[in-house]
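One structure is given below, encoded as structure tokens.
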Amino acid sequence: MTLLEELKTLGVNVEEGLKRLNGNEKLYTRLFGSFLKTLNANAVTADFDSSDYTEIIEKTHTIKGTAGNLSVTPLYETYSEILGLLRSGKPEEAKPLLEKILPVQEEIVQCIERHME
């Protein structure tokens with residue numbers, strides 16, 4: 001199974017992502033390497049301090065945007081919801097969503113890493 005085929009099984013809207021890049025599959029695939037770097041640089045954990053979550057908002061926004069650009073739908077939708085909760089001053093409601101999406105995110109990361117070796 002190719003990277004893009006496997007990503008489809010994980011909920012990534014590959015067709016939409018390719019459409020944004022005029023069907024350039026090589027570029028789209030290469031951008032997943034950048035996506036991994038973005039995730040590593042902006043790692044968010046569910047045990048964040050809810051008294052000062054400014055940095056978490058910034059990291060969440062970055063992940064949401066990058067996931068959206070590549071049509072990594074499960075991450076985009078959940079991080080969008082988390083971001084809204086954080087901006088509304090509801091960090092305790094955001095934590096369970098983050099706990100739920102992190103295993104999905106890890107599965108997507110492992111998929112990309114396997115195909116980029």
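Following the order of the structure tokens, chains are lettered A, B, ..., residues in each are numbered from 1, and ligands are numbered from 1.
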
Per residue of segment 20-56 of chain A within 9 Å of segment 82-105 of chain A, what are the shortest atom pair and its distance in Å to one decimal, counting only C-alpha atoms, with rows by chain and residue number, as a Markdown table?
| residue | atom | partner | partner_atom | distance |
| --- | --- | --- | --- | --- |
| A:Val44 | CA | A:Leu98 | CA | 8.2 |
| A:Thr45 | CA | A:Leu98 | CA | 7.3 |
| A:Ala46 | CA | A:Lys95 | CA | 5.2 |
| A:Asp47 | CA | A:Lys95 | CA | 7.5 |
| A:Phe48 | CA | A:Lys95 | CA | 8.2 |
| A:Asp49 | CA | A:Pro91 | CA | 8.9 |
| A:Ser50 | CA | A:Pro91 | CA | 5.8 |
| A:Ser51 | CA | A:Pro91 | CA | 8.7 |
| A:Tyr53 | CA | A:Leu86 | CA | 7.6 |
| A:Thr54 | CA | A:Leu86 | CA | 8.7 |
| A:Ile56 | CA | A:Leu86 | CA | 8.4 |

Among segment 25-102 of chain A, which ones does DSSP place in helix (DSSP H, G or I), written as JSON, numbers by chain?
{"A": [25, 26, 27, 28, 29, 30, 31, 32, 33, 34, 35, 36, 37, 38, 39, 40, 41, 54, 55, 56, 57, 58, 59, 60, 61, 62, 63, 64, 65, 66, 67, 68, 69, 73, 74, 75, 76, 77, 78, 79, 80, 81, 82, 83, 84, 85, 86, 87, 91, 92, 93, 94, 95, 96, 97, 98, 99, 100, 101, 102]}

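Nearest residue to Glu77 of chain A among A:Ala41, A:Val12, A:Val109, A:Met116 is A:Val12, counting only C-alpha atoms.
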
Neighbour list for Lys26 of chain A as a list in words, cut-off 12 Å, only C-alpha atoms, skip fewer than 6 positions in-chain
Leu3, Leu4, Gly17, Leu18, Phe32 and Gly33 of chain A

Would you write out those residues with N, CA and C atoms, as an mmCIF file, in the first residue's frame?
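Written output follows (result-v9.cif):
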data_model
loop_
_atom_site.group_PDB
_atom_site.id
_atom_site.type_symbol
_atom_site.label_atom_id
_atom_site.label_comp_id
_atom_site.auth_asym_id
_atom_site.auth_seq_id
_atom_site.Cartn_x
_atom_site.Cartn_y
_atom_site.Cartn_z
ATOM 1 N N LEU A 3 1.799 5.379 0.509
ATOM 2 C CA LEU A 3 1.539 6.346 1.574
ATOM 3 C C LEU A 3 0.138 6.932 1.427
ATOM 4 N N LEU A 4 -0.189 7.401 0.245
ATOM 5 C CA LEU A 4 -1.473 8.070 0.055
ATOM 6 C C LEU A 4 -2.643 7.104 0.231
ATOM 7 N N GLY A 17 -6.620 17.138 -0.814
ATOM 8 C CA GLY A 17 -5.253 17.642 -0.666
ATOM 9 C C GLY A 17 -4.548 17.757 -2.002
ATOM 10 N N LEU A 18 -4.718 16.750 -2.839
ATOM 11 C CA LEU A 18 -4.099 16.787 -4.169
ATOM 12 C C LEU A 18 -4.704 17.893 -5.026
ATOM 13 N N PHE A 32 4.248 16.004 3.462
ATOM 14 C CA PHE A 32 4.014 15.244 4.687
ATOM 15 C C PHE A 32 5.276 15.165 5.544
ATOM 16 N N GLY A 33 6.439 15.263 4.921
ATOM 17 C CA GLY A 33 7.683 15.356 5.687
ATOM 18 C C GLY A 33 7.710 16.644 6.493
#

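When atom CA of Arg114 of chain A is paired with atom CA of Leu36 of chain A, their separation reads 12.0 Å.
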
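Using only C-alpha atoms, the shortest contact distance between Leu31 of chain A and any of A:Ala43, A:Leu70, A:Val14, A:Leu7 is found at A:Leu70.
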
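Distance check against Gly11 of chain A using only C-alpha atoms: of A:Cys111, A:Val72, A:Leu39, A:Ile63, the minimum falls on A:Val72.
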
Selection near His61 of chain A, 8 Å with only C-alpha atoms, sequence-local residues under 3 positions removed, as number ranges by chain
A: 57-58, 64-65, 79-80, 83
